[in-house]
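> Here you go, this is entry-v2.csv (CSV, N, CA and C atoms).
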```csv
chain,number,residue,atom,x,y,z
H,512,MET,N,-0.8,4.7,4.2
H,512,MET,CA,-0.3,5.5,5.3
H,512,MET,C,-1.1,5.2,6.5
H,513,PRO,N,-0.4,5.2,7.6
H,513,PRO,CA,-1.1,4.9,8.9
H,513,PRO,C,-2.0,6.1,9.3
H,514,TYR,N,-2.8,5.8,10.3
H,514,TYR,CA,-3.7,6.8,10.8
H,514,TYR,C,-2.8,7.9,11.5
H,515,ILE,N,-3.3,9.1,11.5
H,515,ILE,CA,-2.7,10.3,12.1
H,515,ILE,C,-3.5,10.8,13.3
H,516,ASP,N,-2.8,11.1,14.4
H,516,ASP,CA,-3.5,11.6,15.5
H,516,ASP,C,-3.9,13.1,15.2
H,517,THR,N,-5.1,13.5,15.4
H,517,THR,CA,-5.6,14.8,15.1
H,517,THR,C,-5.3,15.8,16.3
H,518,ALA,N,-4.8,15.3,17.4
H,518,ALA,CA,-4.6,16.0,18.6
H,518,ALA,C,-5.9,16.5,19.3
H,519,LEU,N,-7.0,16.0,18.8
H,519,LEU,CA,-8.3,16.3,19.4
H,519,LEU,C,-8.9,15.1,20.1
H,520,LYS,N,-9.6,15.3,21.2
H,520,LYS,CA,-10.3,14.2,21.9
H,520,LYS,C,-11.7,14.3,21.5
H,521,LEU,N,-12.4,13.1,21.4
H,521,LEU,CA,-13.8,13.0,21.1
H,521,LEU,C,-14.6,14.0,22.0
H,522,GLU,N,-14.3,14.1,23.2
H,522,GLU,CA,-15.0,14.9,24.2
H,522,GLU,C,-14.9,16.4,23.9
H,523,GLU,N,-14.0,16.8,23.0
H,523,GLU,CA,-13.8,18.2,22.7
H,523,GLU,C,-14.8,18.7,21.6
H,524,ILE,N,-15.5,17.7,21.0
H,524,ILE,CA,-16.4,18.1,19.9
H,524,ILE,C,-17.8,17.6,20.4
H,525,PRO,N,-18.6,18.5,20.8
H,525,PRO,CA,-20.0,18.1,21.3
H,525,PRO,C,-20.8,17.5,20.1
H,526,VAL,N,-21.7,16.6,20.4
H,526,VAL,CA,-22.6,16.1,19.3
H,526,VAL,C,-23.3,17.3,18.6
H,527,GLY,N,-23.3,17.2,17.3
H,527,GLY,CA,-23.9,18.3,16.5
H,527,GLY,C,-23.0,19.4,16.1
H,528,GLU,N,-21.7,19.3,16.5
H,528,GLU,CA,-20.7,20.3,16.2
H,528,GLU,C,-19.6,19.8,15.3
H,529,SER,N,-18.8,20.7,14.8
H,529,SER,CA,-17.7,20.3,13.9
H,529,SER,C,-16.5,21.1,14.2
H,530,ARG,N,-15.4,20.6,13.6
H,530,ARG,CA,-14.0,21.2,13.8
H,530,ARG,C,-13.3,21.0,12.5
H,531,CYS,N,-12.3,21.8,12.3
H,531,CYS,CA,-11.4,21.7,11.1
H,531,CYS,C,-10.0,21.4,11.7
H,532,VAL,N,-9.3,20.4,11.2
H,532,VAL,CA,-7.9,20.2,11.6
H,532,VAL,C,-7.1,20.1,10.3
H,533,LYS,N,-5.8,20.5,10.4
H,533,LYS,CA,-4.9,20.4,9.2
H,533,LYS,C,-4.0,19.3,9.5
H,534,LEU,N,-4.0,18.3,8.6
H,534,LEU,CA,-3.1,17.2,8.6
H,534,LEU,C,-2.2,17.2,7.4
H,535,GLY,N,-1.0,17.7,7.6
H,535,GLY,CA,-0.1,17.9,6.4
H,535,GLY,C,-0.7,19.1,5.6
H,536,GLU,N,-0.9,18.9,4.4
H,536,GLU,CA,-1.5,19.9,3.5
H,536,GLU,C,-3.0,19.8,3.4
H,537,THR,N,-3.6,18.8,4.1
H,537,THR,CA,-5.0,18.5,4.0
H,537,THR,C,-5.8,19.1,5.1
H,538,GLN,N,-6.8,19.9,4.8
H,538,GLN,CA,-7.8,20.4,5.8
H,538,GLN,C,-8.9,19.3,5.9
H,539,VAL,N,-9.1,18.9,7.1
H,539,VAL,CA,-10.1,17.8,7.3
H,539,VAL,C,-11.2,18.4,8.2
H,540,GLY,N,-12.5,18.3,7.8
H,540,GLY,CA,-13.6,18.6,8.6
H,540,GLY,C,-14.1,17.4,9.4
H,541,LEU,N,-14.2,17.6,10.7
H,541,LEU,CA,-14.6,16.6,11.6
H,541,LEU,C,-16.0,16.9,12.1
H,542,PHE,N,-17.0,16.0,11.9
H,542,PHE,CA,-18.4,16.3,12.2
H,542,PHE,C,-18.8,15.2,13.2
H,543,ARG,N,-19.3,15.6,14.4
H,543,ARG,CA,-19.8,14.6,15.3
H,543,ARG,C,-21.3,14.5,15.3
H,544,ASN,N,-21.7,13.2,15.3
H,544,ASN,CA,-23.1,12.9,15.4
H,544,ASN,C,-23.3,12.0,16.5
H,545,GLN,N,-24.5,11.4,16.7
H,545,GLN,CA,-24.8,10.5,17.8
H,545,GLN,C,-23.9,9.3,17.8
H,546,GLU,N,-23.6,8.8,16.6
H,546,GLU,CA,-22.8,7.6,16.4
H,546,GLU,C,-21.3,7.7,16.6
H,547,GLY,N,-20.8,9.0,16.4
H,547,GLY,CA,-19.4,9.2,16.5
H,547,GLY,C,-18.9,10.3,15.6
H,548,ILE,N,-17.8,10.1,14.9
H,548,ILE,CA,-17.2,11.2,14.1
H,548,ILE,C,-17.1,10.8,12.7
H,549,LEU,N,-17.4,11.7,11.8
H,549,LEU,CA,-17.2,11.6,10.3
H,549,LEU,C,-16.2,12.6,9.9
H,550,ALA,N,-15.4,12.2,8.9
H,550,ALA,CA,-14.3,13.1,8.5
H,550,ALA,C,-14.3,13.2,6.9
H,551,VAL,N,-14.3,14.5,6.4
H,551,VAL,CA,-14.2,14.7,5.0
H,551,VAL,C,-13.2,15.8,4.7
H,552,ASN,N,-12.8,15.9,3.4
H,552,ASN,CA,-12.0,17.1,3.1
H,552,ASN,C,-12.8,18.3,3.3
H,553,ASN,N,-12.3,19.3,4.0
H,553,ASN,CA,-13.0,20.4,4.5
H,553,ASN,C,-13.2,21.5,3.4
H,554,VAL,N,-12.6,21.4,2.3
H,554,VAL,CA,-12.6,22.5,1.2
H,554,VAL,C,-13.6,22.1,0.2
H,555,CYS,N,-14.7,22.9,0.0
H,555,CYS,CA,-15.7,22.7,-1.0
H,555,CYS,C,-15.0,22.9,-2.4
H,556,PRO,N,-15.2,21.9,-3.3
H,556,PRO,CA,-14.6,22.0,-4.6
H,556,PRO,C,-15.2,23.1,-5.5
H,557,HIS,N,-16.3,23.7,-5.1
H,557,HIS,CA,-16.9,24.8,-5.9
H,557,HIS,C,-16.1,26.0,-5.9
H,558,ARG,N,-15.9,26.6,-4.7
H,558,ARG,CA,-15.2,27.9,-4.5
H,558,ARG,C,-14.3,27.9,-3.3
H,559,GLY,N,-14.1,26.7,-2.7
H,559,GLY,CA,-13.2,26.6,-1.5
H,559,GLY,C,-13.7,26.9,-0.2
H,560,GLY,N,-15.1,26.9,-0.1
H,560,GLY,CA,-15.7,27.2,1.2
H,560,GLY,C,-15.3,26.2,2.3
H,561,PRO,N,-15.3,26.7,3.6
H,561,PRO,CA,-15.0,25.8,4.7
H,561,PRO,C,-16.2,25.0,5.1
H,562,LEU,N,-16.2,23.7,4.8
H,562,LEU,CA,-17.4,22.9,5.0
H,562,LEU,C,-17.7,22.8,6.5
H,563,ASN,N,-16.7,22.8,7.4
H,563,ASN,CA,-17.0,22.6,8.8
H,563,ASN,C,-17.9,23.8,9.4
H,564,GLU,N,-18.0,24.9,8.6
H,564,GLU,CA,-18.8,26.0,9.0
H,564,GLU,C,-20.2,25.9,8.5
H,565,GLY,N,-20.5,24.9,7.7
H,565,GLY,CA,-21.8,24.7,7.1
H,565,GLY,C,-22.8,24.1,8.1
H,566,VAL,N,-24.1,24.1,7.7
H,566,VAL,CA,-25.1,23.4,8.5
H,566,VAL,C,-25.3,22.0,8.0
H,567,VAL,N,-25.4,21.1,9.1
H,567,VAL,CA,-25.5,19.7,8.8
H,567,VAL,C,-27.0,19.3,9.1
H,568,THR,N,-27.6,18.6,8.1
H,568,THR,CA,-28.9,18.1,8.3
H,568,THR,C,-29.0,16.7,7.7
H,569,ASP,N,-29.4,15.7,8.5
H,569,ASP,CA,-29.5,14.3,8.1
H,569,ASP,C,-28.3,13.8,7.4
H,570,GLY,N,-27.1,14.1,8.0
H,570,GLY,CA,-25.9,13.5,7.5
H,570,GLY,C,-25.3,14.2,6.3
H,571,VAL,N,-25.9,15.4,5.9
H,571,VAL,CA,-25.4,16.1,4.8
H,571,VAL,C,-25.0,17.5,5.2
H,572,VAL,N,-23.8,18.0,4.8
H,572,VAL,CA,-23.4,19.3,5.1
H,572,VAL,C,-23.5,20.2,3.9
H,573,ALA,N,-24.0,21.4,4.2
H,573,ALA,CA,-24.2,22.4,3.1
H,573,ALA,C,-23.1,23.5,3.3
H,574,CYS,N,-22.4,23.7,2.2
H,574,CYS,CA,-21.3,24.7,2.2
H,574,CYS,C,-21.9,26.0,2.6
H,575,PRO,N,-21.2,26.7,3.5
H,575,PRO,CA,-21.8,28.0,3.9
H,575,PRO,C,-21.7,29.1,2.8
H,576,TRP,N,-20.9,28.9,1.8
H,576,TRP,CA,-20.8,30.0,0.8
H,576,TRP,C,-21.8,29.9,-0.3
H,577,HIS,N,-22.1,28.7,-0.9
H,577,HIS,CA,-23.0,28.6,-2.0
H,577,HIS,C,-23.9,27.4,-1.9
H,578,GLN,N,-24.0,26.8,-0.7
H,578,GLN,CA,-24.9,25.7,-0.4
H,578,GLN,C,-24.8,24.4,-1.2
H,579,TRP,N,-23.6,24.2,-1.7
H,579,TRP,CA,-23.4,22.8,-2.3
H,579,TRP,C,-23.5,21.9,-1.1
H,580,GLN,N,-24.1,20.7,-1.3
H,580,GLN,CA,-24.4,19.8,-0.3
H,580,GLN,C,-23.6,18.5,-0.5
H,581,PHE,N,-23.0,18.0,0.6
H,581,PHE,CA,-22.2,16.8,0.5
H,581,PHE,C,-22.6,15.8,1.6
H,582,GLN,N,-22.7,14.5,1.3
H,582,GLN,CA,-23.0,13.5,2.2
H,582,GLN,C,-21.7,13.3,3.0
H,583,LEU,N,-21.8,13.3,4.3
H,583,LEU,CA,-20.7,13.1,5.2
H,583,LEU,C,-20.1,11.7,5.2
H,584,GLU,N,-21.0,10.8,4.9
H,584,GLU,CA,-20.5,9.4,5.0
H,584,GLU,C,-19.6,9.0,3.8
H,585,ASP,N,-19.9,9.5,2.6
H,585,ASP,CA,-19.1,9.1,1.4
H,585,ASP,C,-18.6,10.3,0.6
H,586,GLY,N,-19.0,11.5,0.9
H,586,GLY,CA,-18.5,12.7,0.2
H,586,GLY,C,-19.2,13.1,-1.1
H,587,VAL,N,-20.2,12.3,-1.4
H,587,VAL,CA,-20.9,12.6,-2.7
H,587,VAL,C,-21.7,13.9,-2.6
H,588,CYS,N,-21.6,14.7,-3.7
H,588,CYS,CA,-22.3,16.0,-3.7
H,588,CYS,C,-23.8,15.7,-4.2
H,589,GLN,N,-24.7,16.2,-3.4
H,589,GLN,CA,-26.1,16.0,-3.8
H,589,GLN,C,-26.6,16.9,-4.9
H,590,ASN,N,-25.9,18.0,-5.2
H,590,ASN,CA,-26.2,18.9,-6.3
H,590,ASN,C,-25.7,18.3,-7.6
H,591,LEU,N,-24.5,17.8,-7.6
H,591,LEU,CA,-23.9,17.2,-8.8
H,591,LEU,C,-23.3,15.8,-8.4
H,592,PRO,N,-24.0,14.7,-8.5
H,592,PRO,CA,-23.5,13.5,-8.0
H,592,PRO,C,-22.2,13.0,-8.5
H,593,LYS,N,-21.7,13.5,-9.7
H,593,LYS,CA,-20.4,13.2,-10.2
H,593,LYS,C,-19.3,13.8,-9.4
H,594,VAL,N,-19.6,14.9,-8.6
H,594,VAL,CA,-18.6,15.6,-7.8
H,594,VAL,C,-18.6,14.9,-6.4
H,595,ARG,N,-17.4,14.8,-5.9
H,595,ARG,CA,-17.2,14.1,-4.6
H,595,ARG,C,-16.0,14.7,-3.9
H,596,ILE,N,-16.1,14.8,-2.6
H,596,ILE,CA,-15.0,15.2,-1.8
H,596,ILE,C,-14.5,13.9,-1.1
H,597,ALA,N,-13.3,13.9,-0.6
H,597,ALA,CA,-12.7,12.7,0.1
H,597,ALA,C,-13.4,12.6,1.4
H,598,ALA,N,-13.8,11.3,1.7
H,598,ALA,CA,-14.3,11.0,3.0
H,598,ALA,C,-13.2,10.1,3.6
H,599,TYR,N,-12.8,10.3,4.9
H,599,TYR,CA,-11.7,9.6,5.5
H,599,TYR,C,-12.1,8.6,6.6
H,600,PRO,N,-11.5,7.5,6.7
H,600,PRO,CA,-11.7,6.6,7.8
H,600,PRO,C,-11.3,7.2,9.1
H,601,VAL,N,-12.1,7.0,10.2
H,601,VAL,CA,-11.8,7.6,11.5
H,601,VAL,C,-11.7,6.5,12.5
H,602,GLU,N,-10.8,6.6,13.5
H,602,GLU,CA,-10.8,5.7,14.6
H,602,GLU,C,-10.7,6.6,15.9
H,603,VAL,N,-11.3,6.1,16.9
H,603,VAL,CA,-11.2,6.8,18.2
H,603,VAL,C,-10.4,5.8,19.1
H,604,ARG,N,-9.2,6.3,19.5
H,604,ARG,CA,-8.4,5.4,20.3
H,604,ARG,C,-8.2,6.1,21.7
H,605,ASP,N,-8.6,5.5,22.7
H,605,ASP,CA,-8.5,6.0,24.1
H,605,ASP,C,-9.0,7.5,24.1
H,606,GLY,N,-10.1,7.7,23.4
H,606,GLY,CA,-10.7,9.1,23.4
H,606,GLY,C,-10.1,10.0,22.4
H,607,ALA,N,-9.0,9.7,21.8
H,607,ALA,CA,-8.3,10.5,20.8
H,607,ALA,C,-8.8,10.2,19.3
H,608,ILE,N,-9.0,11.2,18.5
H,608,ILE,CA,-9.5,11.0,17.1
H,608,ILE,C,-8.3,10.9,16.2
H,609,TRP,N,-8.3,9.8,15.5
H,609,TRP,CA,-7.2,9.4,14.5
H,609,TRP,C,-7.9,9.3,13.1
H,610,ILE,N,-7.2,9.8,12.1
H,610,ILE,CA,-7.7,9.8,10.7
H,610,ILE,C,-6.7,9.3,9.7
H,611,ASN,N,-7.2,8.5,8.7
H,611,ASN,CA,-6.3,8.1,7.6
H,611,ASN,C,-6.7,8.9,6.4
H,612,VAL,N,-5.8,9.9,6.1
H,612,VAL,CA,-6.1,10.8,5.0
H,612,VAL,C,-5.7,10.3,3.6
H,613,GLU,N,-5.1,9.1,3.6
H,613,GLU,CA,-4.7,8.5,2.4
H,613,GLU,C,-5.5,7.3,2.0
H,614,ASN,N,-6.7,7.2,2.6
H,614,ASN,CA,-7.6,6.0,2.5
H,614,ASN,C,-7.5,5.5,1.1
```
If you took the structure in this file and wrote it as structure tokens, what would it be?


Amino acid sequence: MPYIDTALKLEEIPVGESRCVKLGETQVGLFRNQEGILAVNNVCPHRGGPLNEGVVTDGVVACPWHQWQFQLEDGVCQNLPKVRIAAYPVEVRDGAIWINVEN
């Protein structure tokens, strides 16, 4: 599947902040760091917490509900390494954020 325009511009997400966008049936958490944007499935597999509302430290987001921790780069859970959320490829085109949710 081709990349999908999130309708967000990179400038709309300050460094250190995050957003959630819905692309079809998929909720995607967008996290901006100094290098750019990282995108993961926004729903924590434990109890469905919204990951974009969690605290990010050193490239890891902690679910705000029960503190399960996920690496933003690859979606691996630090609490249970066999658990993983989807991490999506991101492109910034003319300032617009595009994501491939079917990587």

> Between CA of Arg595 in chain H and CA of Val567 in chain H, what is the distance in Å, rounded to a tenth?

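These two atoms are separated by 16.7 Å.
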
> Measuring between all atoms listed in the file, which one of H:Gln582, H:Ile548, H:Cys555, H:Val539 shows the shortest distance to Asp569 in chain H?

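Using all atoms listed in the file, the shortest distance to Asp569 in chain H belongs to H:Gln582.
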
> From the DSSP assignment of the backbone, select every residue of chain H that is helix (DSSP H, G or I), and format the answer as number ranges by chain.

H: 521-523, 562-564

> With N, CA and C atoms kept, could you save the residues just selected as a PDB file, in the frame of the given file?


```pdb
ATOM      1  N   LEU H 521     -12.400  13.100  21.400  1.00  0.00           N
ATOM      2  CA  LEU H 521     -13.800  13.000  21.100  1.00  0.00           C
ATOM      3  C   LEU H 521     -14.600  14.000  22.000  1.00  0.00           C
ATOM      4  N   GLU H 522     -14.300  14.100  23.200  1.00  0.00           N
ATOM      5  CA  GLU H 522     -15.000  14.900  24.200  1.00  0.00           C
ATOM      6  C   GLU H 522     -14.900  16.400  23.900  1.00  0.00           C
ATOM      7  N   GLU H 523     -14.000  16.800  23.000  1.00  0.00           N
ATOM      8  CA  GLU H 523     -13.800  18.200  22.700  1.00  0.00           C
ATOM      9  C   GLU H 523     -14.800  18.700  21.600  1.00  0.00           C
ATOM     10  N   LEU H 562     -16.200  23.700   4.800  1.00  0.00           N
ATOM     11  CA  LEU H 562     -17.400  22.900   5.000  1.00  0.00           C
ATOM     12  C   LEU H 562     -17.700  22.800   6.500  1.00  0.00           C
ATOM     13  N   ASN H 563     -16.700  22.800   7.400  1.00  0.00           N
ATOM     14  CA  ASN H 563     -17.000  22.600   8.800  1.00  0.00           C
ATOM     15  C   ASN H 563     -17.900  23.800   9.400  1.00  0.00           C
ATOM     16  N   GLU H 564     -18.000  24.900   8.600  1.00  0.00           N
ATOM     17  CA  GLU H 564     -18.800  26.000   9.000  1.00  0.00           C
ATOM     18  C   GLU H 564     -20.200  25.900   8.500  1.00  0.00           C
TER      19      GLU H 564
END
```

> Where in range 529-579 of chain H does DSSP assign strand (DSSP E), given as a list of chain:residue names?

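Going through range 529-579 of chain H, the strand (DSSP E) residues come out as H:Ser529, H:Arg530, H:Cys531, H:Val532, H:Lys533, H:Leu534, H:Thr537, H:Gln538, H:Val539, H:Gly540, H:Leu541, H:Phe542, H:Arg543, H:Asn544, H:Gly547, H:Ile548, H:Leu549, H:Ala550, H:Val551, H:Asn552, H:Val566, H:Val567, H:Thr568, H:Val571, H:Val572, H:Ala573.
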
> Grab the CA of Pro575 in chain H to CA of Val603 in chain H distance for me, in Å with one decimal place.

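Distance between the two atoms: 27.7 Å.
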